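Enquirer: Starting off with a structure, shown below.
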Amino acid sequence: MLAALVLFIVVAAGTRYISAASVIAAGTFPLGVWLILHPPIEVLAASAVAGAFIVYRHKANLERIHAGTENVFRWSRG
């Protein structure tokens, strides 16, 4: 989970798209679970399903990023 959080922060800082950071962190989460824990197949499958669900739920955000209409993260409103 910590590896996914670090990846999320790096991508969000680099792209300023929170949704892109969420998708990338969720998409790589199963790989991180496997690399770090080498869990049973059931746990790996559950992490893959969770990651796929998060990516699926961000479909509209990805379409807005592609269209150039997605909001970017800013520390201030000005």
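Residues are named by chain letter and number: chains run A, B, ... in the order of the structure tokens, numbers start at 1 in each chain, and ligands are numbered from 1 in the order shown.
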What's around Arg64 (chain A) at 12 Å? Count only C-alpha atoms, leave out sequence neighbours fewer than 6 positions away in its own chain, and write the answer as a count of residues only.

Expert: 7

Enquirer: Please list as JSON, numbers by chain every residue within 10 Å of region 1-6 of chain A, counting only C-alpha atoms and excluding residues in the same chain fewer than 3 positions away.

Expert: {"A": [9, 10, 11, 12, 21, 22, 24, 25, 26, 27, 28, 29, 30, 31, 32, 33, 36]}

Enquirer: Write down as a PyMOL selection string the residues belonging to chain A that are assigned helix (DSSP H, G or I) by DSSP computed on the backbone.

Expert: chain A and resi 2-15+18-37+41-57+59-67

Enquirer: To one decimal place, how far is CA of Ser47 (chain A) from CA of Trp34 (chain A) in Å?

Expert: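 Result for CA of Ser47 (chain A) versus CA of Trp34 (chain A): 9.2 Å, one decimal.
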